[in-house]
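K.L.:
The following block contains the structure, expressed as structure tokens.
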Amino acid sequence: MESYEMSLIKGHLSENPELSGLWQEHHDYEKRLAKLGRKSFLSLEEEMEERRLKLAKLKGKTRMAQILETYKH
């Protein structure tokens, strides 16, 4: 994310519970993906989990972008 978006997020976390929750989920997904990324081999279940996490992270990021658009105007 760009620094402008980061400052918008940080500036509105306390007043927007949805944004706050999405931000926390985003970090949780990053941690879990990093853990999977450190493995040299992923089982089929882990590959499916990785795909699910990436999709969920993308959906959350899209929703955060929608929320941020309301603050930009």
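Order determines the names: the first chain of the structure tokens is A, the second B, and so forth; residues in each chain are numbered 1 upward, and ligands are numbered 1 upward as they are shown.
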Assign secondary structure with DSSP using the backbone only, and return the residues of chain A in helix (DSSP H, G or I) as a ChimeraX atom specification.

P.N.:
/A:3-12,17-37,44-72

K.L.:
Quote the spacing between atom CA of Met48 of chain A and atom CA of Glu2 of chain A in Å to one decimal place.

P.N.:
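Atom-to-atom, atom CA of Met48 of chain A and atom CA of Glu2 of chain A are spaced 29.2 Å apart.
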
K.L.:
Tell me which protein, DNA and RNA residues are within 10 Å of Gly21 of chain A, counting only C-alpha atoms, leaving out same-chain ones fewer than 6 positions away, and put them as a ChimeraX atom specification.

P.N.:
/A:13,60,64

K.L.:
Go ahead and write the selection's residues with C-alpha atoms as a compact mmCIF listing (two decimals), in the first residue's frame.

P.N.:
```txt
# COMPACT_ATOMS: atom_id res chain seq x y z
CA LEU A 13 -8.72 2.80 12.54
CA GLY A 60 -10.06 -7.65 2.44
CA MET A 64 -10.30 -1.52 2.61
```

K.L.:
Find the residues around Leu68 of chain A up to 9 Å (only C-alpha atoms counted), leave out those fewer than 4 positions away in its own chain, and share them as number ranges by chain.

P.N.:
A: 5, 8-9, 19, 63-64, 72

K.L.:
Rank A:Lys10, A:His26, A:Lys31, A:Lys39 by their smallest atom-to-atom distance to Lys59 of chain A, using only C-alpha atoms, and report the top residue only.

P.N.:
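Once distances to Lys59 of chain A are computed over only C-alpha atoms, the minimum belongs to A:His26.
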
K.L.:
Measuring between only C-alpha atoms, which one of A:Leu44, A:Ile67, A:Ala56, A:Ala34 shows the shortest distance to His12 of chain A?

P.N.:
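Once distances to His12 of chain A are computed over only C-alpha atoms, the minimum belongs to A:Ile67.
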
K.L.:
Just give me the gap between atom CA of Thr62 of chain A and atom CA of Glu45 of chain A in Å, one decimal is fine.

P.N.:
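These two atoms are separated by 25.7 Å.
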
K.L.:
With distances taken over only C-alpha atoms, which of A:Gly37, A:Ser7, A:Ser43, A:Lys57 is nearest to Leu22 of chain A?

P.N.:
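Counting only C-alpha atoms, the residue closest to Leu22 of chain A is A:Lys57.
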
K.L.:
Measuring atom to atom with only C-alpha atoms, identify which of A:Glu69, A:Glu30, A:Glu18, A:Glu25 is nearest to Glu50 of chain A.

P.N.:
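Looking only at the distances to Glu50 of chain A, the closest residue turns out to be A:Glu30.
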
K.L.:
Pick out the closest residue to His27 of chain A from this set: A:Thr70, A:Ala65, A:Lys54, A:Glu15. Count only C-alpha atoms.

P.N.:
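Nearest candidate to His27 of chain A out of A:Thr70, A:Ala65, A:Lys54, A:Glu15: A:Lys54.
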